[in-house]
>>> print(open('coords.pdb').read())   # PDB, C-alpha atoms
ATOM      1  CA  MET A   1       0.000   0.000   0.000
ATOM      2  CA  ASN A   2       1.226   3.500  -0.794
ATOM      3  CA  ARG A   3       1.890   5.974   2.014
ATOM      4  CA  GLN A   4      -1.053   8.135   1.006
ATOM      5  CA  LYS A   5      -3.421   5.126   1.258
ATOM      6  CA  ILE A   6      -4.950   5.859  -2.147
ATOM      7  CA  CYS A   7      -6.534   2.944  -3.977
ATOM      8  CA  ILE A   8      -6.814   3.046  -7.779
ATOM      9  CA  LEU A   9      -9.672   1.351  -9.610
ATOM     10  CA  VAL A  10     -10.402   1.211 -13.341
ATOM     11  CA  ASP A  11     -13.247  -0.169 -15.373
ATOM     12  CA  SER A  12     -12.174  -3.041 -17.604
ATOM     13  CA  GLY A  13     -12.536  -0.951 -20.761
ATOM     14  CA  CYS A  14      -9.398   0.945 -19.696
ATOM     15  CA  ASP A  15      -7.221  -1.965 -20.881
ATOM     16  CA  VAL A  16      -4.535  -1.628 -18.194
ATOM     17  CA  PRO A  17      -2.209  -4.613 -18.753
ATOM     18  CA  GLN A  18      -2.020  -7.170 -15.984
ATOM     19  CA  LYS A  19       1.655  -6.483 -15.349
ATOM     20  CA  LEU A  20       0.934  -2.839 -14.556
ATOM     21  CA  ARG A  21      -2.150  -3.709 -12.513
ATOM     22  CA  GLU A  22      -0.098  -6.023 -10.343
ATOM     23  CA  ALA A  23       2.787  -3.579  -9.996
ATOM     24  CA  TYR A  24       0.564  -0.810  -8.633
ATOM     25  CA  ASP A  25      -2.372  -2.748  -7.142
ATOM     26  CA  ILE A  26      -4.719  -1.249  -9.723
ATOM     27  CA  ARG A  27      -8.099  -2.927  -9.268
ATOM     28  CA  VAL A  28     -10.639  -3.623 -12.004
ATOM     29  CA  LEU A  29     -14.399  -3.141 -12.199
ATOM     30  CA  PRO A  30     -15.451  -5.595 -14.929
ATOM     31  CA  LEU A  31     -17.964  -4.612 -17.554
ATOM     32  CA  LYS A  32     -20.572  -7.216 -18.482
ATOM     33  CA  ILE A  33     -20.890  -9.143 -21.724
ATOM     34  CA  ILE A  34     -24.363 -10.516 -22.325
ATOM     35  CA  TYR A  35     -25.206 -13.556 -24.463
ATOM     36  CA  PRO A  36     -28.600 -15.297 -24.635
ATOM     37  CA  GLU A  37     -27.453 -17.917 -22.130
ATOM     38  CA  GLY A  38     -26.327 -15.395 -19.539
ATOM     39  CA  GLU A  39     -23.927 -12.680 -18.411
ATOM     40  CA  TYR A  40     -20.147 -12.845 -18.343
ATOM     41  CA  LEU A  41     -17.693 -10.589 -16.533
ATOM     42  CA  ASP A  42     -15.137  -8.932 -18.781
ATOM     43  CA  GLN A  43     -11.740 -10.671 -18.450
ATOM     44  CA  VAL A  44     -12.999 -12.680 -15.470
ATOM     45  CA  ASN A  45     -14.922 -15.582 -16.994
ATOM     46  CA  ILE A  46     -14.736 -14.714 -20.684
ATOM     47  CA  THR A  47     -11.796 -13.978 -22.977
ATOM     48  CA  ALA A  48     -11.472 -11.913 -26.109
ATOM     49  CA  GLN A  49     -10.831 -15.080 -28.114
ATOM     50  CA  GLN A  50     -14.123 -16.573 -26.955
ATOM     51  CA  VAL A  51     -15.930 -13.491 -28.240
ATOM     52  CA  TYR A  52     -14.082 -13.686 -31.573
ATOM     53  CA  ASP A  53     -14.933 -17.364 -31.895
ATOM     54  CA  ARG A  54     -18.651 -16.557 -31.794
ATOM     55  CA  PHE A  55     -18.392 -13.828 -34.455
ATOM     56  CA  PRO A  56     -19.959 -13.052 -36.843
ATOM     57  CA  GLY A  57     -22.989 -15.169 -36.024
ATOM     58  CA  GLU A  58     -23.344 -13.852 -32.483
ATOM     59  CA  ILE A  59     -22.638 -10.302 -31.403
ATOM     60  CA  PRO A  60     -23.370  -9.937 -27.691
ATOM     61  CA  HIS A  61     -24.420  -6.843 -25.800
ATOM     62  CA  THR A  62     -22.355  -5.124 -23.153
ATOM     63  CA  SER A  63     -23.510  -3.614 -19.891
ATOM     64  CA  LEU A  64     -22.202  -1.602 -16.960
ATOM     65  CA  PRO A  65     -20.982  -3.040 -13.693
ATOM     66  CA  ASP A  66     -23.865  -2.929 -11.249
ATOM     67  CA  GLY A  67     -23.817  -0.681  -8.197
ATOM     68  CA  GLY A  68     -23.265  -3.656  -5.919
ATOM     69  CA  THR A  69     -20.042  -4.523  -7.729
ATOM     70  CA  VAL A  70     -18.761  -0.974  -7.308
ATOM     71  CA  GLU A  71     -19.719  -0.927  -3.620
ATOM     72  CA  ALA A  72     -18.027  -4.278  -3.063
ATOM     73  CA  ALA A  73     -14.812  -2.983  -4.639
ATOM     74  CA  LEU A  74     -14.883   0.091  -2.408
ATOM     75  CA  ASP A  75     -15.614  -2.079   0.643
ATOM     76  CA  LYS A  76     -12.623  -4.262  -0.211
ATOM     77  CA  ALA A  77     -10.366  -1.220  -0.603
ATOM     78  CA  ARG A  78     -11.469   0.102   2.795
ATOM     79  CA  ALA A  79     -10.997  -3.309   4.407
ATOM     80  CA  ASP A  80      -7.478  -3.418   2.976
ATOM     81  CA  GLY A  81      -6.633  -0.160   4.726
ATOM     82  CA  TYR A  82      -7.103   2.372   1.951
ATOM     83  CA  GLU A  83      -8.655   5.716   2.890
ATOM     84  CA  LYS A  84      -9.207   7.215  -0.561
ATOM     85  CA  ALA A  85     -10.140   5.813  -3.956
ATOM     86  CA  LEU A  86      -9.452   7.136  -7.444
ATOM     87  CA  ILE A  87     -11.737   5.528 -10.036
ATOM     88  CA  VAL A  88     -10.697   5.926 -13.674
ATOM     89  CA  CYS A  89     -13.416   5.377 -16.299
ATOM     90  CA  ILE A  90     -13.711   5.257 -20.064
ATOM     91  CA  SER A  91     -15.542   8.135 -21.705
ATOM     92  CA  SER A  92     -19.025   8.985 -20.492
ATOM     93  CA  GLY A  93     -19.697   9.778 -24.145
ATOM     94  CA  LEU A  94     -19.290   6.092 -24.998
ATOM     95  CA  SER A  95     -20.454   4.308 -21.849
ATOM     96  CA  GLY A  96     -22.692   4.882 -18.854
ATOM     97  CA  THR A  97     -20.113   3.356 -16.522
ATOM     98  CA  CYS A  98     -18.715   6.691 -15.351
ATOM     99  CA  GLY A  99     -22.170   7.986 -14.423
ATOM    100  CA  LEU A 100     -23.049   4.803 -12.543
ATOM    101  CA  VAL A 101     -19.777   4.897 -10.609
ATOM    102  CA  ARG A 102     -20.264   8.557  -9.722
ATOM    103  CA  LEU A 103     -23.757   7.937  -8.400
ATOM    104  CA  THR A 104     -22.546   5.011  -6.334
ATOM    105  CA  CYS A 105     -19.637   6.981  -4.912
ATOM    106  CA  GLN A 106     -21.867   9.908  -3.973
ATOM    107  CA  GLU A 107     -23.827   7.637  -1.664
ATOM    108  CA  TYR A 108     -20.837   5.719  -0.349
ATOM    109  CA  THR A 109     -19.361   6.517   3.050
ATOM    110  CA  GLY A 110     -16.083   5.314   4.441
ATOM    111  CA  LEU A 111     -13.751   6.352   1.629
ATOM    112  CA  GLU A 112     -13.050   9.679   0.001
ATOM    113  CA  THR A 113     -13.517   9.141  -3.732
ATOM    114  CA  PHE A 114     -12.780  10.869  -7.014
ATOM    115  CA  VAL A 115     -14.129   9.635 -10.358
ATOM    116  CA  LEU A 116     -12.154  10.615 -13.459
ATOM    117  CA  ASP A 117     -14.084  10.741 -16.732
ATOM    118  CA  THR A 118     -11.168  10.392 -19.145
ATOM    119  CA  ARG A 119     -13.294  11.178 -22.224
ATOM    120  CA  ASN A 120     -11.224   8.477 -23.879
ATOM    121  CA  ILE A 121     -11.181   4.730 -24.482
ATOM    122  CA  SER A 122      -8.920   1.708 -23.930
ATOM    123  CA  PHE A 123      -5.439   2.640 -22.714
ATOM    124  CA  GLY A 124      -6.185   6.256 -23.584
ATOM    125  CA  SER A 125      -8.161   5.998 -20.339
ATOM    126  CA  GLY A 126      -6.101   3.394 -18.502
ATOM    127  CA  PHE A 127      -2.967   5.474 -18.923
ATOM    128  CA  PHE A 128      -4.244   7.861 -16.251
ATOM    129  CA  ALA A 129      -4.416   5.078 -13.692
ATOM    130  CA  VAL A 130      -0.766   4.300 -14.376
ATOM    131  CA  LEU A 131       0.172   7.980 -14.333
ATOM    132  CA  ALA A 132      -1.617   8.394 -11.004
ATOM    133  CA  ALA A 133       0.157   5.356  -9.598
ATOM    134  CA  ARG A 134       3.550   6.762 -10.641
ATOM    135  CA  TRP A 135       2.747  10.134  -9.101
ATOM    136  CA  ILE A 136       1.482   8.572  -5.870
ATOM    137  CA  GLU A 137       4.610   6.427  -5.682
ATOM    138  CA  ALA A 138       6.677   9.612  -6.045
ATOM    139  CA  GLY A 139       4.851  11.175  -3.093
ATOM    140  CA  MET A 140       2.035  13.230  -4.613
ATOM    141  CA  ASP A 141      -0.750  14.021  -2.161
ATOM    142  CA  TRP A 142      -4.452  13.440  -2.808
ATOM    143  CA  GLU A 143      -5.502  17.047  -3.414
ATOM    144  CA  THR A 144      -2.738  17.606  -5.940
ATOM    145  CA  LEU A 145      -3.527  14.320  -7.662
ATOM    146  CA  ILE A 146      -7.207  15.058  -8.258
ATOM    147  CA  ARG A 147      -6.372  18.585  -9.399
ATOM    148  CA  GLU A 148      -3.600  17.642 -11.828
ATOM    149  CA  LEU A 149      -5.056  14.540 -13.508
ATOM    150  CA  PRO A 150      -7.951  16.343 -15.250
ATOM    151  CA  ARG A 151      -5.483  18.930 -16.530
ATOM    152  CA  ARG A 152      -3.648  16.208 -18.460
ATOM    153  CA  LEU A 153      -6.656  14.735 -20.273
ATOM    154  CA  GLU A 154      -6.090  16.719 -23.458
ATOM    155  CA  ASN A 155      -2.571  15.276 -23.707
ATOM    156  CA  SER A 156      -3.862  11.731 -24.192
ATOM    157  CA  LYS A 157      -5.117  10.501 -27.557
ATOM    158  CA  VAL A 158      -5.934   7.208 -29.217
ATOM    159  CA  PHE A 159      -5.992   6.500 -32.940
ATOM    160  CA  PHE A 160      -7.347   3.210 -34.214
ATOM    161  CA  CYS A 161      -8.270   1.417 -37.404
ATOM    162  CA  VAL A 162     -10.839  -1.355 -37.765
ATOM    163  CA  ASP A 163     -11.486  -3.776 -40.599
ATOM    164  CA  THR A 164     -15.175  -2.884 -40.677
ATOM    165  CA  LEU A 165     -17.459  -0.369 -39.015
ATOM    166  CA  GLU A 166     -20.237  -2.942 -38.791
ATOM    167  CA  TYR A 167     -19.595  -3.772 -35.128
ATOM    168  CA  LEU A 168     -19.457  -0.132 -34.086
ATOM    169  CA  ARG A 169     -22.694   0.473 -35.967
ATOM    170  CA  LYS A 170     -24.520  -2.473 -34.401
ATOM    171  CA  GLY A 171     -23.280  -1.504 -30.956
ATOM    172  CA  GLY A 172     -24.471   2.081 -31.353
ATOM    173  CA  ARG A 173     -20.948   3.450 -30.880
ATOM    174  CA  LEU A 174     -20.427   5.212 -34.203
ATOM    175  CA  GLY A 175     -20.777   8.690 -32.719
ATOM    176  CA  LEU A 176     -19.668  11.125 -35.395
ATOM    177  CA  VAL A 177     -18.358   8.329 -37.624
ATOM    178  CA  ALA A 178     -20.587   7.715 -40.646
ATOM    179  CA  ALA A 179     -20.920   4.036 -41.584
ATOM    180  CA  ILE A 180     -20.830   4.919 -45.279
ATOM    181  CA  VAL A 181     -17.153   5.868 -44.985
ATOM    182  CA  GLY A 182     -16.224   2.275 -44.320
ATOM    183  CA  THR A 183     -17.917   0.964 -47.449
ATOM    184  CA  ALA A 184     -17.803   3.652 -50.094
ATOM    185  CA  LEU A 185     -14.706   3.485 -52.297
ATOM    186  CA  LYS A 186     -13.034   1.195 -49.709
ATOM    187  CA  LEU A 187     -12.092   4.201 -47.591
ATOM    188  CA  LYS A 188     -10.752   3.183 -44.191
ATOM    189  CA  PRO A 189     -11.179   5.739 -41.398
ATOM    190  CA  ILE A 190      -8.754   6.425 -38.572
ATOM    191  CA  ILE A 191     -10.965   6.885 -35.515
ATOM    192  CA  SER A 192     -10.255   8.846 -32.345
ATOM    193  CA  CYS A 193     -12.151  10.516 -29.490
ATOM    194  CA  ASN A 194     -12.930  14.219 -29.569
ATOM    195  CA  ALA A 195     -12.890  16.607 -26.607
ATOM    196  CA  ASP A 196     -16.333  15.350 -25.569
ATOM    197  CA  GLY A 197     -15.177  11.746 -25.606
ATOM    198  CA  VAL A 198     -17.146  10.750 -28.703
ATOM    199  CA  TYR A 199     -15.745   8.851 -31.690
ATOM    200  CA  TYR A 200     -14.968  10.908 -34.770
ATOM    201  CA  ILE A 201     -12.997  10.457 -37.974
ATOM    202  CA  ALA A 202      -9.514  11.832 -37.403
ATOM    203  CA  GLY A 203      -8.368  10.817 -40.892
ATOM    204  CA  LYS A 204      -8.964   8.337 -43.671
ATOM    205  CA  ALA A 205      -7.075   6.491 -46.361
ATOM    206  CA  LEU A 206      -7.739   4.151 -49.247
ATOM    207  CA  GLY A 207      -7.204   0.567 -48.085
ATOM    208  CA  ARG A 208      -5.878  -1.092 -44.958
ATOM    209  CA  ALA A 209      -2.133  -0.602 -45.440
ATOM    210  CA  LYS A 210      -2.457   3.098 -46.151
ATOM    211  CA  SER A 211      -4.803   3.605 -43.212
ATOM    212  CA  LEU A 212      -2.300   2.017 -40.822
ATOM    213  CA  ALA A 213       0.475   4.197 -42.246
ATOM    214  CA  ARG A 214      -1.713   7.289 -41.924
ATOM    215  CA  MET A 215      -2.607   6.374 -38.333
ATOM    216  CA  LEU A 216       1.094   6.121 -37.509
ATOM    217  CA  GLU A 217       1.737   9.550 -39.026
ATOM    218  CA  MET A 218      -1.071  11.115 -37.009
ATOM    219  CA  ALA A 219       0.050   9.523 -33.744
ATOM    220  CA  VAL A 220       3.632  10.657 -34.255
ATOM    221  CA  ALA A 221       2.507  14.181 -35.137
ATOM    222  CA  PHE A 222       0.409  14.379 -31.969
ATOM    223  CA  GLY A 223       3.322  13.170 -29.844
ATOM    224  CA  ARG A 224       5.583  15.851 -31.290
ATOM    225  CA  THR A 225       3.348  18.590 -29.897
ATOM    226  CA  GLY A 226       4.614  17.766 -26.394
ATOM    227  CA  ASP A 227       7.730  16.613 -24.599
ATOM    228  CA  SER A 228       8.803  13.038 -23.822
ATOM    229  CA  PRO A 229       5.869  11.218 -25.455
ATOM    230  CA  GLN A 230       4.726   7.871 -24.086
ATOM    231  CA  VAL A 231       3.297   5.376 -26.578
ATOM    232  CA  SER A 232       1.320   2.147 -26.468
ATOM    233  CA  LEU A 233       0.055  -0.147 -29.196
ATOM    234  CA  LEU A 234      -2.917  -2.437 -28.690
ATOM    235  CA  ASN A 235      -4.774  -4.707 -31.080
ATOM    236  CA  GLY A 236      -7.977  -6.647 -31.500
ATOM    237  CA  ASP A 237      -7.124  -9.982 -33.129
ATOM    238  CA  ALA A 238      -4.430  -8.330 -35.257
ATOM    239  CA  PRO A 239      -1.170  -9.171 -33.426
ATOM    240  CA  ARG A 240       0.994  -9.484 -36.541
ATOM    241  CA  GLU A 241       0.066  -6.050 -37.843
ATOM    242  CA  ALA A 242       0.634  -4.562 -34.389
ATOM    243  CA  GLU A 243       4.002  -6.280 -34.103
ATOM    244  CA  ALA A 244       5.065  -4.982 -37.519
ATOM    245  CA  LEU A 245       4.041  -1.445 -36.579
ATOM    246  CA  THR A 246       5.827  -1.433 -33.208
ATOM    247  CA  PRO A 247       9.435  -0.715 -34.340
ATOM    248  CA  GLN A 248       8.197   2.024 -36.660
ATOM    249  CA  LEU A 249       6.267   3.683 -33.828
ATOM    250  CA  LEU A 250       9.200   3.513 -31.417
ATOM    251  CA  ALA A 251      11.692   4.821 -33.973
ATOM    252  CA  ALA A 252       9.449   7.688 -35.045
ATOM    253  CA  THR A 253       8.710   8.834 -31.485
ATOM    254  CA  GLY A 254      12.119   8.148 -29.964
ATOM    255  CA  CYS A 255      10.584   5.944 -27.272
ATOM    256  CA  GLU A 256      12.617   3.014 -25.974
ATOM    257  CA  ALA A 257       9.637   0.761 -25.309
ATOM    258  CA  LEU A 258       5.861   0.589 -25.384
ATOM    259  CA  LEU A 259       4.162   1.417 -22.110
ATOM    260  CA  ALA A 260       1.350  -1.043 -22.916
ATOM    261  CA  GLN A 261       0.694  -3.568 -25.658
ATOM    262  CA  GLY A 262      -1.417  -6.593 -26.431
ATOM    263  CA  GLN A 263      -5.064  -7.555 -26.895
ATOM    264  CA  ILE A 264      -7.925  -5.200 -26.016
ATOM    265  CA  SER A 265     -10.572  -6.329 -23.532
ATOM    266  CA  PRO A 266     -13.500  -8.561 -24.536
ATOM    267  CA  ALA A 267     -15.982  -5.749 -23.858
ATOM    268  CA  LEU A 268     -14.256  -3.499 -26.392
ATOM    269  CA  VAL A 269     -13.972  -6.397 -28.850
ATOM    270  CA  VAL A 270     -17.776  -6.566 -28.925
ATOM    271  CA  HIS A 271     -17.946  -3.051 -30.391
ATOM    272  CA  THR A 272     -14.929  -3.111 -32.704
ATOM    273  CA  GLY A 273     -14.850  -6.648 -34.087
ATOM    274  CA  PRO A 274     -11.670  -8.366 -35.281
ATOM    275  CA  GLY A 275      -8.900  -6.474 -37.037
ATOM    276  CA  LEU A 276      -8.350  -3.486 -34.759
ATOM    277  CA  VAL A 277      -4.955  -1.826 -34.464
ATOM    278  CA  GLY A 278      -4.703   1.153 -32.152
ATOM    279  CA  ILE A 279      -2.026   3.555 -30.954
ATOM    280  CA  HIS A 280      -2.159   5.569 -27.757
ATOM    281  CA  VAL A 281       0.033   8.640 -27.336
ATOM    282  CA  PHE A 282       0.544  10.782 -24.274
ATOM    283  CA  ARG A 283       2.323  13.972 -25.224
ATOM    284  CA  GLY A 284       4.241  14.587 -22.035
ATOM    285  CA  GLY A 285       6.433  12.845 -19.523
ATOM    286  CA  MET A 286       5.185  11.028 -16.440
ATOM    287  CA  GLU A 287       7.306  12.974 -13.984
ATOM    288  CA  LEU A 288       5.745  14.979 -11.178
ATOM    289  CA  PRO A 289       4.328  18.364 -12.239
ATOM    290  CA  ARG A 290       6.508  21.306 -11.334
TER     291      ARG A 290
END
>>> encode(input="coords.pdb", output="structure tokens")
Amino acid sequence: MNRQKICILVDSGCDVPQKLREAYDIRVLPLKIIYPEGEYLDQVNITAQQVYDRFPGEIPHTSLPDGGTVEAALDKARADGYEKALIVCISSGLSGTCGLVRLTCQEYTGLETFVLDTRNISFGSGFFAVLAARWIEAGMDWETLIRELPRRLENSKVFFCVDTLEYLRKGGRLGLVAAIVGTALKLKPIISCNADGVYYIAGKALGRAKSLARMLEMAVAFGRTGDSPQVSLLNGDAPREAEALTPQLLAATGCEALLAQGQISPALVVHTGPGLVGIHVFRGGMELPR
């Protein structure tokens, strides 16, 4: 436990890798994946591969953690000796999880809580749990932490490509992305989250290879607008493409290693389908603010 007795929780859509969760005792609130036969807990009793295996014939629904799950996680943190809890959530513009967690925390007594709506997705959100953990480890106090984290939100951005927009369309997650772009003239969009945390088309290219190259260009350009960029590269059933892109991303940004990599969570798989490659960039170092 850290000296400040601050517990960090994330919803499972934040895609914080297990290695980082274990290193900083970052705890997970699992989203739900719903099939006709019942509910599954994201990354607890269902894997991304199991979701892929049931595509395209079955596309499940996703749902929020229930209030009881959130309360139980807070109870466990308090029982473990924590006095405060930072809860990091994916964008309220894409999921109701943040709102549900906020309502639960407002009625909860026993821990001081702060819910961070990252207005982002995947490790674009989860990054802030890791950043908070680094800052706490370096001695940052609670009041400074909850003041400084929201100020860094605009420095975090994800860019991702998908094979088809069909899954986003069926899941109601298209936002400002028009489905026609994915079919007309074989244009492939590069998708990101805007300032409100809603998907929009950040760029587009003709065909898969060019869209991946364009995504790389955009990520690198965003990283150059700040100092000491941090980069991550996640995929959804596209490990070879992600692996091929990794050395190019590191060389172009000057980073020695990826902060996070690997497969996105089953709950995000439901809405993106197979063939996702995504880059996260944080345009700034992780050192304590001056």
>>> resolve_selection(input="coords.pdb", expression="the PyMOL selection byres ((chain A and resi 232-249) around 8)", output="list in words")
Phe123, Leu216, Val220, Gln230, Val231, Leu250, Ala251, Ala252, Thr253, Leu258, Leu259, Ala260, Gln261, Gly262, Gln263, Ile264, Val269, Thr272, Gly273, Pro274, Gly275, Leu276, Val277, Gly278, Ile279, His280 and Val281 of chain A
>>> closest_atom_pairs(input="coords.pdb", of="range 92-141 of chain A", to="range 28-48 of chain A", cutoff="12 Å", atoms="all atoms listed in the file", output="JSON lines")
{"residue": "A:Ser95", "atom": "CA", "partner": "A:Leu31", "partner_atom": "CA", "distance": 10.2}
{"residue": "A:Gly96", "atom": "CA", "partner": "A:Leu31", "partner_atom": "CA", "distance": 10.7}
{"residue": "A:Thr97", "atom": "CA", "partner": "A:Leu31", "partner_atom": "CA", "distance": 8.3}
{"residue": "A:Cys98", "atom": "CA", "partner": "A:Leu29", "partner_atom": "CA", "distance": 11.2}
{"residue": "A:Leu100", "atom": "CA", "partner": "A:Leu29", "partner_atom": "CA", "distance": 11.7}
{"residue": "A:Val101", "atom": "CA", "partner": "A:Leu29", "partner_atom": "CA", "distance": 9.8}
{"residue": "A:Gly126", "atom": "CA", "partner": "A:Val28", "partner_atom": "CA", "distance": 10.6}
{"residue": "A:Ala129", "atom": "CA", "partner": "A:Val28", "partner_atom": "CA", "distance": 10.8}
>>> atom_distance(input="coords.pdb", atom1="CA of Arg119 in chain A", atom2="CA of Ala133 in chain A")
19.3 Å
>>> closest_atom_pairs(input="coords.pdb", of="range 7-97 of chain A", to="range 194-197 of chain A", cutoff="9 Å", atoms="all atoms listed in the file", output="CSV")
residue,atom,partner,partner_atom,distance
A:Ile90,CA,A:Gly197,CA,8.7
A:Ser91,CA,A:Gly197,CA,5.3
A:Ser92,CA,A:Gly197,CA,7.0
A:Gly93,CA,A:Gly197,CA,5.1
A:Leu94,CA,A:Gly197,CA,7.0
>>> atom_distance(input="coords.pdb", atom1="CA of Pro189 in chain A", atom2="CA of Gln50 in chain A")
26.7 Å
>>> residues_around(input="coords.pdb", residues="Cys89 in chain A", least_positions_apart="2", cutoff="6 Å", atoms="all atoms listed in the file", output="mmCIF file with C-alpha atoms, keeping the file's coordinate frame")
data_model
loop_
_atom_site.group_PDB
_atom_site.id
_atom_site.type_symbol
_atom_site.label_atom_id
_atom_site.label_comp_id
_atom_site.auth_asym_id
_atom_site.auth_seq_id
_atom_site.Cartn_x
_atom_site.Cartn_y
_atom_site.Cartn_z
ATOM 1 C CA VAL A 10 -10.402 1.211 -13.341
ATOM 2 C CA ASP A 11 -13.247 -0.169 -15.373
ATOM 3 C CA CYS A 98 -18.715 6.691 -15.351
ATOM 4 C CA ASP A 117 -14.084 10.741 -16.732
#
